[in-house]
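Remarks on the structure that follows.
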Amino acid sequence: MTVKQIIVRGLAIAGLVLTSGLALAAGQYGPGVSDIEIKIGNTMPYSGPASAYGAIGKAEAAYFAMINEQGGINGRKINFISRDDGYSPPKTVEVVRKLVEEDQVLFIFNPLGTPPNTAIQGYLNDNKVPQLFVATGADKWNDPKHFPWTMGYQPSYRIEARIYGRYILKNLPAAKIAVLYQNDDFGKDYLIGLREGMGDKADKMIIATQTYETTDPTVDSQIVSLQGSGADVLLTAAVPKFAAQAIRKVYDIGWKPTHFMTNVSSSVGAVFRPAGPEKGIGIISAAYGKDPTDPQWKDAPDFKEWLAWMKKYNPSANVADANNVYGYGVAYLMVEVLKACGNDLTRENVMKQAASLHHLTGPMSLPGITISTSATDYAPFKQMQLEKFDGTTWQLFGEVISGGPGS
Amino acid sequence: MAEGFTVVAPEKVAVGRYAGLSTGSWRWIVALALIALASVLPFAVSNYHVFELTLVMIYAIAVLGLNILTGYNGQISLGHGAFFAAGAYTAAILMHHYGVPYWATVPPAAFICFALGVLFGLPALRFEGPYLALVTLAMALATPQLLKYFDTWTGGQQGINLIKPLPPPGLGIDRDRWLYLLVLAVLLLAMRIAANMLHGRTGRAFVAIRDQPIAAAAMGIHTARYKTLAFGTSTLFTGVAGALAAIVIGYVSPEGYSLFLSISFLVGSAVGGIATIGGAIVGGLFIQFVPNLANDISDAAPGAIYGLAMLLFMYAMPRGVVGSLGPWVARLMQQLERHRVGVRRK
Amino acid sequence: MHQLLQQIFSGLAAGAIYASLALALVMIYRATDLVNFAQGEMAMFSTYIAWTLVNAGLPFWGAFIITLLASFLGGMAIERVVIRPVENAPVLAAVVVTIGLALIFNSLAGWIYSYTVQDFQSPFPDRPLFGALITTRDLGVIGVTLVMLFLLFAFFRFTATGLAMRAAAQNPASARLCGVRVGRMLAIGWGLAAAIGAAAGIMVAPVLFLDPNMMGGVLVYAFAGALLGGITSPVGAVIGGLIVGVTENLVGTYLIASQLKLTVAFALIILVLVFRPNGLFGTAILRRV
């Protein structure tokens with residue numbers, strides 16, 4: 001070869017290597033991704049009856065703001081687009097279509113509510129858009145065979161209720177059980193889970209149930225009814241406001257059942273203090289995260305970090321509101337998944353990374369509780385620990401329990 | 001001759017005419033132009049906007065139903081969300097449990113909602129004003145409870161997921177645009193039927209009952225029959241809208257039919273013009289777009305912006321957009337006609 | 001038997017809550033012929049003001065008085081600024097304005113105070129009486145409601161302003177000819193209703209727990225109670241509210257599963273209204289041609 005030919009060939013090879021290297025560095029991009037940003041979509045009820053949960057969306061925005069200030073993920077800033085759906089499924093469909101088709105987001109993150117998520121599940125799976133870490137405790141999000149693009153996050157309500165059911169079978173075998181539950185998918189799941197945990201003893205032992213609507217002013221009448229059934233165990237599947245009312249009424253009428261409380265309403269600051277802390281002594285719940293108003297965590301390093309973040313990035317939010325811990329935790333997980341994607345930011349890879357979590361410890365998780373997923377297991381959190389309220393704080397007891405259907 | 005006066009034979013300014021055509025004819029021309037525009041629009045915008053506009057038309061049909069009852073017949077209803085839900089669930093149950101094709105679910109929904117409307121219209125005859133408001137409010141509140149209770153049919157809290165309808169093959173358009181045209185056809189049909197009814201004898205009876213019930217009865221108008229008819233027709237329209245909504249959105253659940261929906265319909269009616277037909281479209285636009293805009297303006301307090309928008313619309317146009325603008329347009333046309341003909345006033 | 005008594009007393013306690021808001025609704029209706037859909041949200045917002053004052057260190061009754069005064073003035077201001085423009089407009093426009101007002105208050109409260117449930121201590125100690133049938137706090141709510149009822153009744157019956165207000169509502173034109181300042185009457189009516197609502201909210205917050213959606217459900221029951229008793233009668237409003245509370249409790253326990261409690265309770269109320277379309281104590285309005 002002539003010198004000229006060698007040089008030309010060399011340049012060509014160099015050029016090839018260089019561009020392919022650049023191509024590798026530039027990575028694969030799905031919609032909503034560029035060298036400097038990643039667009040994420042989210043729906044939250046910022047208005048309407050479920051507006052209390054809007055705090056989660058705000059917490060997530062605040063967390064991503066912190067990450068962006070620290071340089072973003074692999075040099076890319078997160079563009080978090082969160083819209084209000086008012087907890088109305090038709091609105092959720094509309095908002096999600098806008099996020100996917102107009103805003104061109106990479107995926108939908110932590111949409112809240114079982115009916116809203118049910119409404120968009122078909123659309124997102126048909127269009128191969130990840131529906132990640134949905135903010136509901138329903139069981140059905142762990143179904144990778146039929147809905148490979150939908151993944152849950154928190155331990156489901158049924159898992160929790162099964163844990164209570166098995167505890168009752170083991171420790172209170174002659175119990176007569178009453179259940180107060182919210183008349184929707186959230187409440188009903190507790191009843192179903194309890195029955196599953198008790199197996200064929202369920203019909204005999206569950207002797208009374210009462211429901212309430214979120215538009216009811218109080219649940220006093222239901223509590224009185226349940227006491228009248230003669231039950232000595234009570235399971236309350238209610239959101240904070242009604243849980244506080246229930247705790248207080250149970251005490252006021254002189255009823256002393258073994259009282260199980262849903263994790264959703266286990267916040268010391270948001271439920272037990274308003275109800276009157278002495279009225280909640282002995283109540284049992286299950287948890288997977290640290291309650292920010294529980295004094296036993298005040299020196300824990302992750303709590304201090306969370307508190308500092310609240311003060312700097314989420315100052316208008318209420319420190320007693322557990323939603324702020326929830327939002328912080330799920331946003332952290334999202335960032336970890338995106339970090340693991342590197343420069344391959346396609347929808348397929350996001351889903352793949354989300355389904356490859358191995359014993360990750362989230363901030364503000366209880367000791368011993370980790371996050372794991374696989375191609376056949378789309379439930380990141382499966383473990384909980386039982387705890388009992390002593391008038392000031394939650395006393396954890398027993399072992400970390402894994403609540404799958406078989407266990 | 002009197003000072004400063006020039007007597008000029010006044011040119012004959014035809015009232016209600018412009019450029020040789022009556023206002024009626026002009027109305028037709030404008031309407032046809034709008035229909036043509038609406039038919040072509042979906043092909044000029046993205047799928048998402050087509051979907052949004054389809055929802056606008058669905059809400060317009062629902063609001064039209066409310067206009068018939070509350071606007072023309074004077075019976076207030078805070079419960080039209082219940083009939084919207086009835087239509088939606090009729091369609092959903094027929095599609096899900098009986099495999100009925102989506103387009104065939106609309107007539108049964110219409111029929112059932114008409115029957116429900118007559119059924120509720122009968123006891124409603126006893127009530128007026130705030131009492132009627134309470135009765136219809138009770139309907140709106142009972143709806144989610146009833147839907148959750150009869151869960152073998154309605155799917156309870158889980159709702160019913162519906163198969164997405166397929167556009168007819170060979171037409172070459174996608175699902176969103178097909179549904180848009182379908183809903184547009186239903187809307188035009190609904191407006192035509194409403195116009196025929198309301199501009200004819202029935203409509204005059206409705207209005208007479210609304211404004212002077214005693215005189216109307218004295219003149220031989222069978223008040224109970226017409227009021228019940230108004231109720232039934234009204235719920236028929238809203239029920240059809242509900243069925244279409246179920247088909248277009250593809251999912252029904254009790255959370256989608258809260259009291260807020262009924263209130264939204266009432267607000268949409270008022271903003272558009274409660275005793276008008278065209279106002280229903282404005283109402284549909286308001287219900288669909290203003291909450292979204294409110295969310296864009298302020299994600300901290302979107303409800304406040306939405307509420308503020310309601311206030312401002314009511315201050316500026318207390319009879320609704322079409323209700324207030326209608327007379328204004330008529331006057332404008334008369335001015336233009338004067339100007340065109342060149343009437344001189346000295 | 002004990003169950004039955006307990007349900008009845010729970011119902012009376014809940015009913016007192018509805019009754020107190022129903023009084024405010026009746027007040028507005030008598031003064032302006034309008035149902036104020038924002039009444040509940042205004043009451044809730046006033047309660048937040050009281051809560052802020054109590055948290056800032058004021059004693060309870062001091063905060064109570066200040067909040068009532070502030071609400072009175074606020075109510076008057078709302079009538080002048082927000083309602084006045086649609087006074088001569090069709091009724092529906094005014095209804096939509098009150099709906100918008102309700103949305104605004106609810107949204108603002110959520111934005112300023114967040115949606116977390118807040119603790120509001122009652123001035124009445126929380127001791128159970130009569131063998132846990134009722135607590136002193138519930139009795140406090142009933143007591144305050146009855147006091148307000150009495151004051152309202154006396155106001156309309158025995159004071160000149162009350163009389164002028166009734167005249168202004170029934171026949172503004174004639175009232176003006178008699179020298180009644182109709183505009184001022186309307187404003188005072190709204191102010192009083194806002195103050196009553198504030199008192200209701202403050203009494204009720206310890207029971208229901210304070211959050212922006214506290215009054216949403218209450219408003220519906222209060223509306224039902226007011227109409228059941230007769231929308232023009234304060235006594236009727238209180239009795240109606242109490243009946244609604246007790247009915248709701250008994251229906252849920254004895255008649256039907258709690259999943260249909262609200263539906264059946266409303267059905268019963270409407271059934272009563274079918275036989276007495278103007279409510280139990282309302283006056284039938286005779287229309288002359």
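Scheme for the structure tokens: letters A, B, ... for chains in order shown; per-chain residue numbers from 1; ligand numbers from 1 in order shown.
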If you take only C-alpha atoms and a cut-off of 9 Å, which residues of chain B touch chain A, and what are their nearest atom pairs and distances in Å to one decimal, in chain and number order, as a tab-separated table?
```
residue	atom	partner	partner_atom	distance
B:Ser46	CA	A:Glu102	CA	8.4
B:Asn47	CA	A:Glu101	CA	7.9
B:Tyr48	CA	A:Lys98	CA	6.3
B:His49	CA	A:Lys98	CA	8.6
B:Phe51	CA	A:Glu94	CA	8.0
B:Glu52	CA	A:Glu94	CA	7.4
B:Gln145	CA	A:Glu213	CA	8.4
B:Lys148	CA	A:Asp184	CA	7.8
B:Gly156	CA	A:Asp184	CA	8.4
B:Gln157	CA	A:Asp185	CA	5.4
B:Gln158	CA	A:Pro115	CA	6.7
B:Gly159	CA	A:Pro115	CA	7.5
B:Asn161	CA	A:Ala119	CA	7.3
B:Ala245	CA	A:Pro90	CA	8.6
B:Ala246	CA	A:Pro90	CA	8.9
B:Ile249	CA	A:Pro90	CA	6.3
B:Gly250	CA	A:Ala119	CA	7.6
B:Tyr251	CA	A:Ala119	CA	5.7
B:Val252	CA	A:Pro89	CA	7.8
B:Ser253	CA	A:Pro115	CA	6.9
B:Pro254	CA	A:Pro115	CA	8.8
B:Glu255	CA	A:Ser88	CA	5.8
B:Gly256	CA	A:Ser88	CA	4.9
B:Tyr257	CA	A:Ser88	CA	8.1
B:Ser258	CA	A:Ser88	CA	8.5
B:Phe260	CA	A:Gly48	CA	8.2
B:Asn292	CA	A:Asp84	CA	8.2
B:Asn295	CA	A:Asp84	CA	6.8
B:Asp296	CA	A:Arg83	CA	8.5
B:Asp299	CA	A:Tyr46	CA	7.6
B:Ala300	CA	A:Tyr46	CA	7.8
B:Ala301	CA	A:Ser47	CA	8.1
B:Pro302	CA	A:Ser47	CA	7.2
B:Gly303	CA	A:Ser47	CA	6.5
```
Exercise. Near chain C, which residues of chain A fall within 7 Å when you count only C-alpha atoms, and what do they look like as a count of residues only?
Worked result: 21
Problem set entry | Those of region 142-188 of chain A in DSSP helix (DSSP H, G or I), formatted as a PyMOL selection string | chain A and resi 157-171+185-188
Exercise. Leu23 (chain C): which residues within 10 Å, counting only C-alpha atoms, same-chain residues fewer than 6 positions away excluded, as a list of chain:residue names?
Worked result: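 Counting only the stated atoms, we get C:Tyr29, C:Thr145, C:Met148, C:Leu149, C:Leu152, C:Ala193, C:Ile196, C:Gly197, C:Ala200, C:Ala222, C:Phe223, C:Gly225, C:Ala226, C:Ile231, C:Thr232, C:Ser233, C:Pro234, C:Val235, C:Gly236, C:Ala237, C:Val238, C:Gly241.
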For this session: Output as a ChimeraX atom specification the set of chain B residues within 8 Å of chain C, with distances taken over only C-alpha atoms.
Result: /B:123,126-127,130-131,134-135,138,141-142,145-146,149,214-215,266-267,270,300-311,314-315,318-319
With N, CA and C atoms retained, write the just-selected residues as a CSV table (one decimal), in the first residue's frame.
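Saved file selection.csv follows:
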```csv
chain,number,residue,atom,x,y,z
B,123,PRO,N,-91.8,11.2,41.0
B,123,PRO,CA,-91.8,11.8,42.4
B,123,PRO,C,-91.2,13.2,42.4
B,126,ARG,N,-93.2,16.5,42.8
B,126,ARG,CA,-93.6,17.1,44.1
B,126,ARG,C,-92.8,18.2,44.6
B,127,PHE,N,-91.5,18.3,44.0
B,127,PHE,CA,-90.6,19.1,44.6
B,127,PHE,C,-90.2,20.3,43.7
B,130,PRO,N,-85.0,24.3,46.2
B,130,PRO,CA,-84.0,23.6,47.0
B,130,PRO,C,-84.4,22.2,47.3
B,131,TYR,N,-85.7,21.9,47.4
B,131,TYR,CA,-86.1,20.6,47.7
B,131,TYR,C,-85.8,19.6,46.5
B,134,LEU,N,-82.2,18.9,46.5
B,134,LEU,CA,-81.8,17.8,47.5
B,134,LEU,C,-82.1,16.5,46.9
B,135,VAL,N,-83.3,16.3,46.3
B,135,VAL,CA,-83.6,15.0,45.8
B,135,VAL,C,-82.6,14.6,44.7
B,138,ALA,N,-79.3,13.7,46.2
B,138,ALA,CA,-79.3,12.3,46.8
B,138,ALA,C,-79.1,11.3,45.7
B,141,LEU,N,-75.4,11.2,45.1
B,141,LEU,CA,-74.6,10.6,46.1
B,141,LEU,C,-74.8,9.1,46.2
B,142,ALA,N,-76.0,8.7,45.9
B,142,ALA,CA,-76.3,7.2,46.0
B,142,ALA,C,-75.6,6.4,44.9
B,145,GLN,N,-72.4,4.5,45.7
B,145,GLN,CA,-72.7,3.4,46.6
B,145,GLN,C,-73.4,2.2,45.9
B,146,LEU,N,-74.4,2.5,45.1
B,146,LEU,CA,-75.1,1.5,44.4
B,146,LEU,C,-74.2,0.7,43.5
B,149,TYR,N,-72.2,-1.7,45.3
B,149,TYR,CA,-72.9,-2.7,46.0
B,149,TYR,C,-73.3,-3.9,45.1
B,214,ILE,N,-98.7,28.3,36.8
B,214,ILE,CA,-100.2,28.3,37.0
B,214,ILE,C,-100.9,28.7,35.8
B,215,ALA,N,-100.4,29.7,35.1
B,215,ALA,CA,-101.0,30.1,33.9
B,215,ALA,C,-101.0,29.0,32.8
B,266,LEU,N,-73.6,21.0,35.9
B,266,LEU,CA,-74.4,22.2,36.2
B,266,LEU,C,-73.6,23.4,35.9
B,267,VAL,N,-72.4,23.4,36.3
B,267,VAL,CA,-71.5,24.6,36.0
B,267,VAL,C,-71.3,24.8,34.5
B,270,ALA,N,-74.4,26.4,33.1
B,270,ALA,CA,-74.6,27.8,33.4
B,270,ALA,C,-73.6,28.6,32.6
B,300,ALA,N,-50.3,24.2,42.9
B,300,ALA,CA,-50.5,24.2,44.3
B,300,ALA,C,-52.0,24.3,44.7
B,301,ALA,N,-52.8,25.1,44.0
B,301,ALA,CA,-54.2,25.3,44.3
B,301,ALA,C,-55.0,25.4,43.0
B,302,PRO,N,-55.0,24.3,42.2
B,302,PRO,CA,-55.8,24.3,40.9
B,302,PRO,C,-57.3,24.6,41.1
B,303,GLY,N,-57.8,24.0,42.2
B,303,GLY,CA,-59.2,24.2,42.5
B,303,GLY,C,-59.6,25.7,42.6
B,304,ALA,N,-58.7,26.4,43.2
B,304,ALA,CA,-59.0,27.9,43.4
B,304,ALA,C,-59.1,28.6,42.1
B,305,ILE,N,-58.2,28.2,41.1
B,305,ILE,CA,-58.3,28.8,39.8
B,305,ILE,C,-59.5,28.4,39.1
B,306,TYR,N,-59.9,27.2,39.2
B,306,TYR,CA,-61.1,26.7,38.6
B,306,TYR,C,-62.3,27.5,39.1
B,307,GLY,N,-62.4,27.6,40.5
B,307,GLY,CA,-63.5,28.3,41.1
B,307,GLY,C,-63.5,29.8,40.7
B,308,LEU,N,-62.3,30.4,40.6
B,308,LEU,CA,-62.2,31.8,40.1
B,308,LEU,C,-62.7,31.9,38.7
B,309,ALA,N,-62.4,31.0,37.9
B,309,ALA,CA,-62.9,31.0,36.5
B,309,ALA,C,-64.4,31.0,36.5
B,310,MET,N,-65.0,30.2,37.3
B,310,MET,CA,-66.5,30.1,37.4
B,310,MET,C,-67.0,31.5,37.8
B,311,LEU,N,-66.4,32.1,38.8
B,311,LEU,CA,-66.9,33.4,39.2
B,311,LEU,C,-66.8,34.4,38.1
B,314,MET,N,-69.4,34.0,35.4
B,314,MET,CA,-70.8,34.4,35.9
B,314,MET,C,-70.9,35.9,36.0
B,315,TYR,N,-69.8,36.6,36.4
B,315,TYR,CA,-69.9,38.1,36.5
B,315,TYR,C,-70.0,38.6,35.1
B,318,PRO,N,-73.8,36.5,33.0
B,318,PRO,CA,-74.6,35.8,33.9
B,318,PRO,C,-75.6,34.8,33.2
B,319,ARG,N,-75.9,35.1,31.9
B,319,ARG,CA,-76.8,34.2,31.3
B,319,ARG,C,-76.0,33.1,30.5
```
For this session: Show which residues sit within 12 Å of Leu198 (chain B), as a PyMOL selection string. Count only C-alpha atoms, and ignore same-chain residues fewer than 6 positions away.
Result: chain B and resi 64-65+67-69+71-73+190-192+204-208+230+233-234+275-277
Write to file, as a short mmCIF file (atom, residue, chain, number, x, y, z; two decimals), in the first residue's frame, the residues of the selection just made, with C-alpha atoms.
```cif
data_model
loop_
_atom_site.label_atom_id
_atom_site.label_comp_id
_atom_site.auth_asym_id
_atom_site.auth_seq_id
_atom_site.Cartn_x
_atom_site.Cartn_y
_atom_site.Cartn_z
CA LEU B 64 -77.47 19.55 26.53
CA GLY B 65 -79.57 17.11 28.50
CA ASN B 67 -80.13 22.38 29.56
CA ILE B 68 -83.41 20.80 28.50
CA LEU B 69 -84.40 20.05 32.08
CA GLY B 71 -82.83 25.63 31.32
CA TYR B 72 -85.99 25.13 29.35
CA ASN B 73 -88.13 23.45 31.96
CA ALA B 190 -78.86 15.27 19.47
CA MET B 191 -78.78 18.98 18.72
CA ARG B 192 -81.20 18.55 15.83
CA ARG B 204 -93.03 26.17 24.35
CA ALA B 205 -94.90 24.06 26.89
CA PHE B 206 -91.65 23.50 28.81
CA VAL B 207 -90.91 27.20 28.91
CA ALA B 208 -94.45 28.07 29.88
CA ALA B 230 -88.61 16.89 30.17
CA THR B 233 -85.62 13.42 27.53
CA SER B 234 -82.98 15.12 29.59
CA ALA B 275 -81.50 27.81 28.10
CA THR B 276 -79.64 27.40 24.86
CA ILE B 277 -78.60 24.54 22.64
#
```
